[in-house]
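One structure below.
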Amino acid sequence: MAVTEHLTEVQVREQLQALDMEVGRAIEESWSAPALDGLLERLSIGGGKLFEAFRAIGEACFQQLEVEGRYAESEAFLYYLINFEWAEEAKAFLLLWRDVLFQLQKAGLLLSDGVASEAALRQLEGQSREAVRLAAESLKVFVSKASRPGGRWQPSRKARIDTWRLQKNPWPVYQEQLGQLARQCSQLLRQYQELNAAASVFQNIRSEVARLTVACQTEIAGAQENAEKALGFFEEGKAPGEEPRLGKIATRLEALASQVQPEPHLFDFTNALDREIERLPEKIQIVLNIRGGTLEMVEMNLQKRTRQWLESELLPSLKESWELAENGVNGLKVAISNIRNRAILLSGENKEGKKMEVDTGGILLPIEGFRKIAATAEAELSSLSSLIDKRLGADFRLSAVYDTKGIFLPVPLQSSINQFRIRRNKWLVRLQEWLAAQARAVRKLQLAAEQEENRSVSEKVVRYIQNRKVSPENSHYGAIFQAQGYIGESFWVGREEEMQHIKSIIDNWENGFRGAVAITGKRFSGKSFFGELVSNHYFAGKTIRLLPDSVIEVQGRKMEAGYDLEEVLEFVRKNTLNQRPLVWIDDLELWWSPAIPLNQNLRALRRYIDDHSNSIFFLMSMGNVLKAHLQKYHEIGRLFLSELNMDYVPAQVVRDAILIRHGATHSKLVDENGEEVAPPKFNRLAGRVHRLTEGNIGEALVHWALFTRKVEESIVAIEPRRNFTLPDFLGPDSAVLLCAIMIQKRTNEYRLRKSLGPSFSDKYLNILQRLLSVGLLIRRHDGWLEADEGAVNAVGALLESKNYIKYRQWKQ
């Protein structure tokens with residue numbers, strides 16, 4: 001802003017006095033609010049007002065110093081003091097103001113969750129007011145104290161002015177920081193309002209859960225009361241020694257049975273739960289802590305996370321509770337109907353003159369059976385209710401988001417295991433049936449062997465590929481198992497040693513050492529996932545992903561990248577001179593074209609790693625085939641500080657990865673008898689998948705999807721397929737062609753013609769067409785050719801067995 005008139009020292013001091021009154025008024029108005037909501041709102045508004053007051057004084061002095069003019073020494077000293085030292089005090093005061101706002105809104109949420117008491121909140125309010133008051137007193141006297149003549153060793157005013165005059169005025173930076181603090185005050189108020197509304201939703205959900213558990217217990221209690229009524233019918237209106245009047249009793253039992261009907265409590269609960277969850281924000285930024293004056297924030301989808309936790313940790317127990325109650329009520333209804341039918345039968349026999357002594361105890365046996373069922377149901381309901389309360393109390397608190405040592409609304413691996421609760425086992429089939437089945441199996445194998453001999457190699461290849469495709473009917477369940485690349489950290493398991501290894505490399509890089517790591521492995525071994533995990537863990541917001549033939553953006557500057565890696569790396573270097581980013585090259589195989597061979601790009605990569613890997617961390621992935629090829633001709637191993645191979649994961653990791661993905665589908669897994677799969681059987685199946693795929697995590701997940709069949713909505717059955725092997729179809733020419741494709745990962749006819757020369761059209765084009773026709777090669781929608789995903793690792797193993805390539809680093 002322009003200064004139209006000279007601002008005197010007296011006027012500045014008058015503005016400082018007015019500021020002192022504004023600060024005092026803001027404190028008084030804020031802490032006079034009758035409730036916490038009002039206090040937080042006034043603190044937020046006060047933060048904005050104080051910023052404007054601070055800005056007015058600081059900007060006025062800044063403009064005076066910017067204008068050429070001669071000032072008295074005391075006047076110039078005041079202007080410089082305001083901009084160079086008082087501004088720091090003002091920032092410190094506004095920092096405290098913001099921190100108090102954060103701590104009070106955090107305490108309010110803890111209070112609503114029952115973690116903090118009303119007395120503790122009132123004590124915090126008093127302590128925070130006193131802290132702000134003392135800070136205001138310090139700010140009030142700062143200028144007068146700093147303006148007093150100093151002692152013998154303190155520089156004079158003139159010396160201090162001369163020193164300040166040689167420095168750049170920091171006021172613009174302070175002004176931006178003060179404005180940011182004011183905006184953070186408004187942000188904290190909005191966060192509190194959102195979290196307060198969310199806390200109300202959490203409380204409503206707790207109430208709905210409590211209502212359902214009570215309703216389940218009430219249903220059982222009501223059923224027991226009706227059972228006692230049914231028993232009373234046999235004694236009411238009957239003289240001692242007189243037989244019960246079965247006709248009237250049957251009529252009354254029929255009326256009672258019509259009243260025995262479970263209420264749709266679960267249906268009402270799920271509808272209410274959906275309504276409450278929809279009220280939660282899908283996207284919310286939450287300030288978790290303040291460290292070193294900086295807000296530590298996390299962004300989350302609160303609606304999704306709450307739904308996931310409820311569906312995995314609470315709903316199974318609630319549904320089981322309702323099933324117990326519903327089965328109990330229906331059991332009573334069946335018992336009453338049985339008694340009624342028996343009463344009608346005996347009543348008819350008596351009318352026909354067949355006088356029979358009524359065995360009341362025998363008639364009422366169904367009620368006795370119901371009593372036992374009800375007693376068991378009551379005990380199980382009590383146990384489930386305790387479990388539900390325990391989980392709600394332990395994790396379902398919105399204030400738990402502030403616990404940075406724990407996970408907010410965790411969905412542990414155990415939840416997936418719990419879905420495989422062991423049910424009542426059926427008896428084994430008789431020995432004779434088993435032997436007969438074995439005999440049929442032997443005959444079937446003999447017939448299959450005869451048919452196998454008559455199949456051509458092409459038929460066997462087609463069968464192999466078709467057998468490794470997930471059924472379209474099971475696509476909903478199989479999709480999460482077939483997903484490639486980074487699908488979220490919650491799906492990550494294993495690789496602890498590799499993560500620890502790369503962390504130590506990054507720590508050394510931060511201290512000035514070389515930073516270059518290669519991630520290698522077979523197809524679908526998790527290279528991309530691991531690279532993205534490293535990026536998110538250690539280079540959040542500082543990762544530059546390089547892809548050929550794409551637009552690359554660095555610091556707001558964009559570049560249309562072709563296939564010249566040197567040009568792209570130079571663009572990155574020029575625009576990250578003051579940063580320490582991660583350059584992430586996923587699939588080094590893709591960085592070449594007929595005009596720019598891979599060798600050229602590799603030389604450029606070597607040069608940039610040698611020159612700049614102490615300021616840029618280079619992370620790249622490549623397949624084992626390319627790694628072995630480049631090692632043979634270029635000794636690429638010397639380029640990297642370390643190589644992390646992803647070929648193999650232990651069986652436990654495969655098992656956990658399958659469990660997590662299965663849990664995310666919210667599907668029930670059953671065996672051939674329709675029974676839920678128990679953990680021991682699940683472990684055996686997961687172990688079989690691990691062995692079949694040689695520990696390749698991506699292939700193991702796809703195999704699991706292949707092993708399942710959709711039964712109905714949210715129910716899938718285990719149905720292992722026969723494990724066919726890829727036949728040996730290789731000839732010398734087809735091997736050469738496939739080697740070229742495996743090294744390049746994806747290609748087209750033009751590139752193959754350039755790399756294989758004139759013989760491509762004469763020799764290899766027909767082979768290419770045959771491989772496409774049987775499905776070993778596929779053509780993508782964009783025209784690229786690559787090996788079929790279901791067969792690529794088998795093709796690599798076959799080529800390796802004939803010493804054409806090196807495909808695996810880890811072998812069983």
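So you can find residues: chains in the structure tokens are A, B, ... in the order shown, residues in each start at 1, and ligands are numbered from 1 in order.
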Set the distance at 10 Å and use only C-alpha atoms: which residues neighbour segment 621-638 of chain A once local chain neighbours fewer than 3 positions away are removed? I'd like the list as JSON, numbers by chain.
{"A": [517, 518, 519, 520, 521, 522, 523, 524, 525, 527, 528, 530, 531, 584, 585, 586, 587, 588, 589, 590, 598, 599, 602, 603, 606, 641, 642, 643, 644, 645, 646, 647, 739, 742, 743, 744, 745, 796, 800, 805, 806, 807, 808, 809]}
Quick one: residues within 10 Å of Gly293 of chain A, only C-alpha atoms counted, chain neighbours fewer than 4 positions away excluded, as a VMD selection string?
chain A and resid 92 95 to 96 98 to 99 289
Keeping N, CA, C and O atoms, export the residues of the selection given above as an mmCIF file, in the first residue's frame.
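So the final result, stored in part_26.cif, reads:
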```cif
data_model
loop_
_atom_site.group_PDB
_atom_site.id
_atom_site.type_symbol
_atom_site.label_atom_id
_atom_site.label_comp_id
_atom_site.auth_asym_id
_atom_site.auth_seq_id
_atom_site.Cartn_x
_atom_site.Cartn_y
_atom_site.Cartn_z
ATOM 1 N N ALA A 92 5.032 -15.031 17.489
ATOM 2 C CA ALA A 92 5.023 -15.973 18.612
ATOM 3 C C ALA A 92 3.691 -15.914 19.363
ATOM 4 O O ALA A 92 3.142 -16.949 19.787
ATOM 5 N N LEU A 95 1.098 -17.596 17.208
ATOM 6 C CA LEU A 95 1.339 -19.041 17.277
ATOM 7 C C LEU A 95 0.701 -19.631 18.528
ATOM 8 O O LEU A 95 0.042 -20.686 18.470
ATOM 9 N N LEU A 96 0.904 -18.965 19.665
ATOM 10 C CA LEU A 96 0.299 -19.431 20.916
ATOM 11 C C LEU A 96 -1.226 -19.412 20.814
ATOM 12 O O LEU A 96 -1.901 -20.352 21.254
ATOM 13 N N ARG A 98 -3.043 -19.744 18.148
ATOM 14 C CA ARG A 98 -3.478 -20.874 17.324
ATOM 15 C C ARG A 98 -3.346 -22.196 18.072
ATOM 16 O O ARG A 98 -4.216 -23.066 18.011
ATOM 17 N N ASP A 99 -2.230 -22.362 18.807
ATOM 18 C CA ASP A 99 -2.014 -23.610 19.539
ATOM 19 C C ASP A 99 -3.067 -23.813 20.620
ATOM 20 O O ASP A 99 -3.522 -24.945 20.862
ATOM 21 N N ASN A 289 -1.432 -32.909 15.252
ATOM 22 C CA ASN A 289 -0.465 -32.478 16.253
ATOM 23 C C ASN A 289 0.196 -31.199 15.761
ATOM 24 O O ASN A 289 0.061 -30.823 14.595
#
```
Long-range neighbours of Ala343 of chain A as an mmCIF file with N, CA and C atoms, in the first residue's frame, 8 Å cut-off, only C-alpha atoms, 5 positions minimum in chain:
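Result file is around-v4.cif:
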```
data_model
loop_
_atom_site.group_PDB
_atom_site.id
_atom_site.type_symbol
_atom_site.label_atom_id
_atom_site.label_comp_id
_atom_site.auth_asym_id
_atom_site.auth_seq_id
_atom_site.Cartn_x
_atom_site.Cartn_y
_atom_site.Cartn_z
ATOM 1 N N LEU A 246 -57.652 -80.255 25.525
ATOM 2 C CA LEU A 246 -56.713 -80.079 24.422
ATOM 3 C C LEU A 246 -57.268 -79.266 23.273
ATOM 4 N N GLY A 247 -58.568 -79.324 23.026
ATOM 5 C CA GLY A 247 -59.158 -78.560 21.924
ATOM 6 C C GLY A 247 -58.989 -77.060 22.137
ATOM 7 N N ILE A 249 -56.915 -75.672 24.223
ATOM 8 C CA ILE A 249 -55.475 -75.357 24.277
ATOM 9 C C ILE A 249 -54.919 -75.190 22.870
ATOM 10 N N ALA A 250 -55.325 -76.054 21.945
ATOM 11 C CA ALA A 250 -54.843 -75.963 20.564
ATOM 12 C C ALA A 250 -55.224 -74.629 19.945
ATOM 13 N N ILE A 363 -45.970 -84.171 25.554
ATOM 14 C CA ILE A 363 -46.443 -83.138 24.616
ATOM 15 C C ILE A 363 -45.548 -81.902 24.666
#
```
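Proximity to Lys283 of chain A was assessed for A:Ile367, A:Leu166, A:Leu195, A:Leu310 counting only C-alpha atoms; the smallest distance is recorded for A:Leu195.
Considering the residues A:Glu323, A:Met300, A:Lys333, A:Thr543 and counting only C-alpha atoms, Gln259 of chain A has its shortest atom-to-atom contact with A:Lys333.
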Can you pull out every residue from segment 1-55 of chain A that DSSP, working from the backbone, puts in alpha helix (DSSP H), and format the result as an MDAnalysis selection string?
chainID A and resid 9:31 36:55
Can you write just those residues out, C-alpha atoms, as an mmCIF file, in the first residue's frame?
```cif
data_model
loop_
_atom_site.group_PDB
_atom_site.id
_atom_site.type_symbol
_atom_site.label_atom_id
_atom_site.label_comp_id
_atom_site.auth_asym_id
_atom_site.auth_seq_id
_atom_site.Cartn_x
_atom_site.Cartn_y
_atom_site.Cartn_z
ATOM 1 C CA GLU A 9 6.989 7.945 16.093
ATOM 2 C CA VAL A 10 4.114 9.156 18.272
ATOM 3 C CA GLN A 11 1.523 7.773 15.866
ATOM 4 C CA VAL A 12 3.240 4.374 15.792
ATOM 5 C CA ARG A 13 3.246 4.264 19.573
ATOM 6 C CA GLU A 14 -0.448 5.212 19.574
ATOM 7 C CA GLN A 15 -1.123 2.299 17.218
ATOM 8 C CA LEU A 16 0.775 -0.001 19.582
ATOM 9 C CA GLN A 17 -1.390 1.190 22.484
ATOM 10 C CA ALA A 18 -4.520 0.571 20.417
ATOM 11 C CA LEU A 19 -3.165 -2.900 19.621
ATOM 12 C CA ASP A 20 -2.724 -3.647 23.331
ATOM 13 C CA MET A 21 -6.392 -2.760 23.854
ATOM 14 C CA GLU A 22 -7.410 -4.942 20.877
ATOM 15 C CA VAL A 23 -5.464 -7.913 22.284
ATOM 16 C CA GLY A 24 -7.022 -7.476 25.721
ATOM 17 C CA ARG A 25 -10.492 -7.163 24.191
ATOM 18 C CA ALA A 26 -9.956 -10.340 22.110
ATOM 19 C CA ILE A 27 -8.905 -12.274 25.221
ATOM 20 C CA GLU A 28 -11.838 -11.006 27.264
ATOM 21 C CA GLU A 29 -14.413 -11.626 24.534
ATOM 22 C CA SER A 30 -13.122 -15.112 23.766
ATOM 23 C CA TRP A 31 -12.965 -16.469 27.305
ATOM 24 C CA LEU A 36 -16.668 -24.322 24.344
ATOM 25 C CA ASP A 37 -18.241 -23.897 20.891
ATOM 26 C CA GLY A 38 -18.488 -20.154 21.442
ATOM 27 C CA LEU A 39 -14.950 -19.945 22.824
ATOM 28 C CA LEU A 40 -13.502 -21.678 19.756
ATOM 29 C CA GLU A 41 -15.501 -19.525 17.360
ATOM 30 C CA ARG A 42 -14.362 -16.330 19.088
ATOM 31 C CA LEU A 43 -10.752 -17.519 19.124
ATOM 32 C CA SER A 44 -10.959 -18.086 15.390
ATOM 33 C CA ILE A 45 -12.466 -14.658 14.759
ATOM 34 C CA GLY A 46 -9.983 -13.088 17.186
ATOM 35 C CA GLY A 47 -7.078 -14.645 15.314
ATOM 36 C CA GLY A 48 -8.193 -12.883 12.149
ATOM 37 C CA LYS A 49 -8.618 -9.538 13.901
ATOM 38 C CA LEU A 50 -5.227 -9.749 15.584
ATOM 39 C CA PHE A 51 -3.574 -10.519 12.264
ATOM 40 C CA GLU A 52 -5.099 -7.396 10.727
ATOM 41 C CA ALA A 53 -3.920 -5.309 13.675
ATOM 42 C CA PHE A 54 -0.382 -6.735 13.543
ATOM 43 C CA ARG A 55 -0.294 -6.293 9.764
#
```
Which polymer residues have any atom within 9 Å of an atom of Phe729 of chain A, counting only C-alpha atoms, with same-chain residues fewer than 6 positions away left out, as a VMD selection string?
chain A and resid 457 to 458 461
Given the selection you just returned, output its residues as a file containing N, CA, C and O atoms, formatted as a PDB file, in the first residue's frame.
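Result file part-v2.pdb:
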```pdb
ATOM      1  N   VAL A 457      -0.128 -79.577 -29.890  1.00  0.00           N
ATOM      2  CA  VAL A 457       0.550 -78.587 -29.047  1.00  0.00           C
ATOM      3  C   VAL A 457      -0.251 -77.286 -28.989  1.00  0.00           C
ATOM      4  O   VAL A 457      -0.402 -76.669 -27.930  1.00  0.00           O
ATOM      5  N   SER A 458      -0.795 -76.883 -30.139  1.00  0.00           N
ATOM      6  CA  SER A 458      -1.579 -75.639 -30.171  1.00  0.00           C
ATOM      7  C   SER A 458      -2.802 -75.745 -29.269  1.00  0.00           C
ATOM      8  O   SER A 458      -3.161 -74.787 -28.558  1.00  0.00           O
ATOM      9  N   VAL A 461      -1.718 -75.286 -25.727  1.00  0.00           N
ATOM     10  CA  VAL A 461      -1.399 -73.882 -25.436  1.00  0.00           C
ATOM     11  C   VAL A 461      -2.675 -73.088 -25.191  1.00  0.00           C
ATOM     12  O   VAL A 461      -2.790 -72.325 -24.217  1.00  0.00           O
TER      13      VAL A 461
END
```
Which residues are near Glu89 of chain A? Cut-off 12 Å, only C-alpha atoms, ignore same chain within fewer than 2 positions. Put them as a tab-separated table (two decimals) with all heavy atoms, in the first residue's frame.
```tsv
chain	number	residue	atom	x	y	z
A	54	PHE	N	-1.83	-6.57	13.68
A	54	PHE	CA	-0.38	-6.74	13.54
A	54	PHE	C	0.08	-6.25	12.17
A	54	PHE	O	1.10	-5.58	12.03
A	54	PHE	CB	0.01	-8.20	13.72
A	54	PHE	CG	-0.18	-8.73	15.13
A	54	PHE	CD1	-0.48	-10.07	15.35
A	54	PHE	CD2	-0.06	-7.90	16.22
A	54	PHE	CE1	-0.64	-10.56	16.62
A	54	PHE	CE2	-0.23	-8.39	17.52
A	54	PHE	CZ	-0.52	-9.71	17.71
A	58	GLY	N	2.95	-3.34	11.24
A	58	GLY	CA	4.16	-3.78	10.54
A	58	GLY	C	4.27	-3.23	9.14
A	58	GLY	O	5.36	-2.80	8.71
A	81	LEU	N	12.85	-1.64	14.57
A	81	LEU	CA	12.55	-2.56	15.66
A	81	LEU	C	11.24	-3.30	15.41
A	81	LEU	O	11.15	-4.52	15.65
A	81	LEU	CB	12.47	-1.79	16.98
A	81	LEU	CG	12.20	-2.64	18.23
A	81	LEU	CD1	13.38	-3.56	18.50
A	81	LEU	CD2	11.91	-1.73	19.43
A	82	ILE	N	10.23	-2.59	14.90
A	82	ILE	CA	8.93	-3.21	14.62
A	82	ILE	C	9.09	-4.31	13.58
A	82	ILE	O	8.59	-5.43	13.75
A	82	ILE	CB	7.92	-2.16	14.14
A	82	ILE	CG1	7.56	-1.19	15.26
A	82	ILE	CG2	6.66	-2.83	13.58
A	82	ILE	CD1	6.77	-1.79	16.38
A	83	ASN	N	9.79	-4.00	12.51
A	83	ASN	CA	9.91	-4.97	11.40
A	83	ASN	C	10.86	-6.12	11.70
A	83	ASN	O	10.63	-7.26	11.28
A	83	ASN	CB	10.36	-4.25	10.13
A	83	ASN	CG	9.21	-3.58	9.40
A	83	ASN	OD1	9.40	-2.87	8.42
A	83	ASN	ND2	7.98	-3.75	9.88
A	84	PHE	N	11.94	-5.85	12.43
A	84	PHE	CA	12.99	-6.86	12.60
A	84	PHE	C	12.81	-7.70	13.86
A	84	PHE	O	13.20	-8.87	13.87
A	84	PHE	CB	14.37	-6.19	12.61
A	84	PHE	CG	14.90	-5.89	11.24
A	84	PHE	CD1	14.46	-4.77	10.54
A	84	PHE	CD2	15.84	-6.71	10.64
A	84	PHE	CE1	14.96	-4.48	9.28
A	84	PHE	CE2	16.34	-6.42	9.38
A	84	PHE	CZ	15.89	-5.31	8.68
A	85	GLU	N	12.24	-7.14	14.93
A	85	GLU	CA	12.17	-7.89	16.18
A	85	GLU	C	10.75	-8.00	16.73
A	85	GLU	O	10.33	-9.07	17.17
A	85	GLU	CB	13.10	-7.26	17.23
A	85	GLU	CG	14.58	-7.37	16.83
A	85	GLU	CD	15.50	-6.86	17.92
A	85	GLU	OE1	15.01	-6.53	19.04
A	85	GLU	OE2	16.72	-6.81	17.69
A	86	TRP	N	10.01	-6.91	16.71
A	86	TRP	CA	8.64	-6.97	17.24
A	86	TRP	C	7.79	-7.95	16.42
A	86	TRP	O	6.92	-8.63	16.98
A	86	TRP	CB	8.04	-5.57	17.22
A	86	TRP	CG	6.58	-5.53	17.63
A	86	TRP	CD1	6.10	-5.43	18.90
A	86	TRP	CD2	5.45	-5.58	16.76
A	86	TRP	NE1	4.73	-5.42	18.90
A	86	TRP	CE2	4.30	-5.51	17.58
A	86	TRP	CE3	5.28	-5.68	15.38
A	86	TRP	CZ2	3.01	-5.54	17.06
A	86	TRP	CZ3	4.01	-5.71	14.87
A	86	TRP	CH2	2.88	-5.65	15.69
A	87	ALA	N	8.02	-8.01	15.11
A	87	ALA	CA	7.23	-8.91	14.26
A	87	ALA	C	7.39	-10.37	14.71
A	87	ALA	O	6.45	-11.16	14.65
A	87	ALA	CB	7.65	-8.76	12.80
A	91	LYS	N	4.43	-12.80	15.92
A	91	LYS	CA	4.22	-14.15	15.37
A	91	LYS	C	4.14	-15.18	16.50
A	91	LYS	O	3.31	-16.09	16.47
A	91	LYS	CB	5.35	-14.49	14.40
A	91	LYS	CG	5.15	-15.83	13.70
A	91	LYS	CD	6.30	-16.18	12.77
A	91	LYS	CE	7.43	-16.82	13.54
A	91	LYS	NZ	8.46	-17.39	12.65
A	92	ALA	N	5.03	-15.03	17.49
A	92	ALA	CA	5.02	-15.97	18.61
A	92	ALA	C	3.69	-15.91	19.36
A	92	ALA	O	3.14	-16.95	19.79
A	92	ALA	CB	6.18	-15.67	19.56
A	93	PHE	N	3.14	-14.71	19.50
A	93	PHE	CA	1.85	-14.57	20.19
A	93	PHE	C	0.73	-15.24	19.38
A	93	PHE	O	-0.11	-15.96	19.94
A	93	PHE	CB	1.52	-13.09	20.41
A	93	PHE	CG	0.20	-12.87	21.12
A	93	PHE	CD1	0.13	-12.97	22.50
A	93	PHE	CD2	-0.96	-12.61	20.41
A	93	PHE	CE1	-1.08	-12.79	23.16
A	93	PHE	CE2	-2.17	-12.44	21.06
A	93	PHE	CZ	-2.23	-12.53	22.44
A	94	LEU	N	0.73	-15.01	18.08
A	94	LEU	CA	-0.32	-15.61	17.25
A	94	LEU	C	-0.14	-17.13	17.15
A	94	LEU	O	-1.13	-17.87	17.02
A	94	LEU	CB	-0.31	-14.97	15.85
A	94	LEU	CG	-1.66	-15.00	15.09
A	94	LEU	CD1	-2.76	-14.39	15.94
A	94	LEU	CD2	-1.54	-14.24	13.78
A	95	LEU	N	1.10	-17.60	17.21
A	95	LEU	CA	1.34	-19.04	17.28
A	95	LEU	C	0.70	-19.63	18.53
A	95	LEU	O	0.04	-20.69	18.47
A	95	LEU	CB	2.84	-19.32	17.29
A	95	LEU	CG	3.54	-19.59	15.96
A	95	LEU	CD1	5.05	-19.63	16.16
A	95	LEU	CD2	3.07	-20.90	15.35
A	96	LEU	N	0.90	-18.97	19.66
A	96	LEU	CA	0.30	-19.43	20.92
A	96	LEU	C	-1.23	-19.41	20.81
A	96	LEU	O	-1.90	-20.35	21.25
A	96	LEU	CB	0.77	-18.55	22.07
A	96	LEU	CG	0.13	-18.85	23.44
A	96	LEU	CD1	0.49	-20.25	23.90
A	96	LEU	CD2	0.54	-17.80	24.47
A	135	ALA	N	1.47	-13.90	27.72
A	135	ALA	CA	2.09	-13.59	26.42
A	135	ALA	C	1.70	-12.20	25.96
A	135	ALA	O	2.52	-11.46	25.36
A	135	ALA	CB	1.67	-14.63	25.38
A	136	ALA	N	0.45	-11.80	26.23
A	136	ALA	CA	0.01	-10.45	25.85
A	136	ALA	C	0.77	-9.39	26.63
A	136	ALA	O	1.14	-8.33	26.09
A	136	ALA	CB	-1.50	-10.32	26.08
A	137	GLU	N	1.02	-9.63	27.91
A	137	GLU	CA	1.79	-8.68	28.73
A	137	GLU	C	3.21	-8.55	28.18
A	137	GLU	O	3.77	-7.45	28.11
A	137	GLU	CB	1.84	-9.17	30.18
A	137	GLU	CG	0.51	-9.04	30.92
A	137	GLU	CD	0.11	-7.59	31.11
A	137	GLU	OE1	1.01	-6.73	31.29
A	137	GLU	OE2	-1.10	-7.29	31.05
A	138	SER	N	3.81	-9.71	27.79
A	138	SER	CA	5.16	-9.66	27.24
A	138	SER	C	5.21	-8.88	25.94
A	138	SER	O	6.12	-8.09	25.69
A	138	SER	CB	5.65	-11.10	27.01
A	138	SER	OG	6.92	-11.11	26.40
A	139	LEU	N	4.20	-9.07	25.08
A	139	LEU	CA	4.14	-8.34	23.82
A	139	LEU	C	3.94	-6.85	24.07
A	139	LEU	O	4.51	-6.00	23.37
A	139	LEU	CB	3.00	-8.89	22.96
A	139	LEU	CG	2.81	-8.25	21.59
A	139	LEU	CD1	4.02	-8.52	20.69
A	139	LEU	CD2	1.53	-8.76	20.93
A	140	LYS	N	3.15	-6.54	25.08
A	140	LYS	CA	2.82	-5.14	25.38
A	140	LYS	C	4.06	-4.32	25.76
A	140	LYS	O	4.20	-3.16	25.36
A	140	LYS	CB	1.79	-5.11	26.51
A	140	LYS	CG	1.36	-3.72	26.92
A	140	LYS	CD	0.30	-3.80	28.02
A	140	LYS	CE	-0.16	-2.42	28.46
A	140	LYS	NZ	-1.20	-2.51	29.52
A	141	VAL	N	4.97	-4.94	26.52
A	141	VAL	CA	6.13	-4.18	27.02
A	141	VAL	C	7.37	-4.40	26.16
A	141	VAL	O	8.43	-3.86	26.47
A	141	VAL	CB	6.44	-4.59	28.48
A	141	VAL	CG1	5.25	-4.30	29.38
A	141	VAL	CG2	6.83	-6.06	28.57
A	142	PHE	N	7.24	-5.17	25.07
A	142	PHE	CA	8.43	-5.51	24.30
A	142	PHE	C	9.10	-4.27	23.71
A	142	PHE	O	10.32	-4.10	23.82
A	142	PHE	CB	8.07	-6.47	23.16
A	142	PHE	CG	9.23	-6.75	22.25
A	142	PHE	CD1	10.21	-7.64	22.62
A	142	PHE	CD2	9.37	-6.08	21.03
A	142	PHE	CE1	11.30	-7.89	21.79
A	142	PHE	CE2	10.46	-6.32	20.21
A	142	PHE	CZ	11.42	-7.24	20.58
A	143	VAL	N	8.33	-3.38	23.08
A	143	VAL	CA	8.92	-2.22	22.41
A	143	VAL	C	9.59	-1.30	23.42
A	143	VAL	O	10.72	-0.81	23.19
A	143	VAL	CB	7.84	-1.47	21.60
A	143	VAL	CG1	8.41	-0.13	21.08
A	143	VAL	CG2	7.36	-2.32	20.44
A	146	ALA	N	12.83	-3.01	24.62
A	146	ALA	CA	13.86	-3.06	23.58
A	146	ALA	C	14.39	-1.67	23.23
A	146	ALA	O	15.48	-1.55	22.67
A	146	ALA	CB	13.29	-3.73	22.33
A	174	TYR	N	7.33	-12.20	7.51
A	174	TYR	CA	6.52	-12.24	8.73
A	174	TYR	C	5.03	-12.04	8.41
A	174	TYR	O	4.16	-12.68	9.00
A	174	TYR	CB	6.99	-11.16	9.70
A	174	TYR	CG	8.22	-11.52	10.48
A	174	TYR	CD1	9.36	-10.73	10.45
A	174	TYR	CD2	8.25	-12.68	11.27
A	174	TYR	CE1	10.50	-11.06	11.17
A	174	TYR	CE2	9.39	-13.02	11.99
A	174	TYR	CZ	10.51	-12.21	11.94
A	174	TYR	OH	11.63	-12.54	12.65
A	178	LEU	N	2.14	-14.56	9.46
A	178	LEU	CA	1.01	-14.15	10.30
A	178	LEU	C	-0.33	-14.44	9.62
A	178	LEU	O	-1.28	-14.90	10.26
A	178	LEU	CB	1.13	-12.66	10.62
A	178	LEU	CG	2.27	-12.26	11.57
A	178	LEU	CD1	2.45	-10.75	11.58
A	178	LEU	CD2	1.99	-12.76	12.98
```
Which value, in Å to one decimal, gives the distance between atom CA of Asn327 of chain A and atom CA of Lys390 of chain A?
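Rounded to one decimal, the two atoms are 25.0 Å apart.
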One decimal, Å: what's the distance from atom CA of Asp611 of chain A over to atom CA of Glu497 of chain A, could you say?
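Separation of atom CA of Asp611 of chain A and atom CA of Glu497 of chain A: 29.0 Å.
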Would you mind listing what lies within 9 Å of Ala221 of chain A as a PyMOL selection string, with only C-alpha atoms counted and same-chain residues fewer than 4 positions away left out?
chain A and resi 216-217+225-226+374+378
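In this structure, atom CA of Lys460 of chain A sits 27.0 Å away from atom CA of Asp762 of chain A.
Nearest to Asn338 of chain A of all the residues A:Val654, A:Leu619, A:Ile286, A:Ala257 is A:Ala257, counting only C-alpha atoms.
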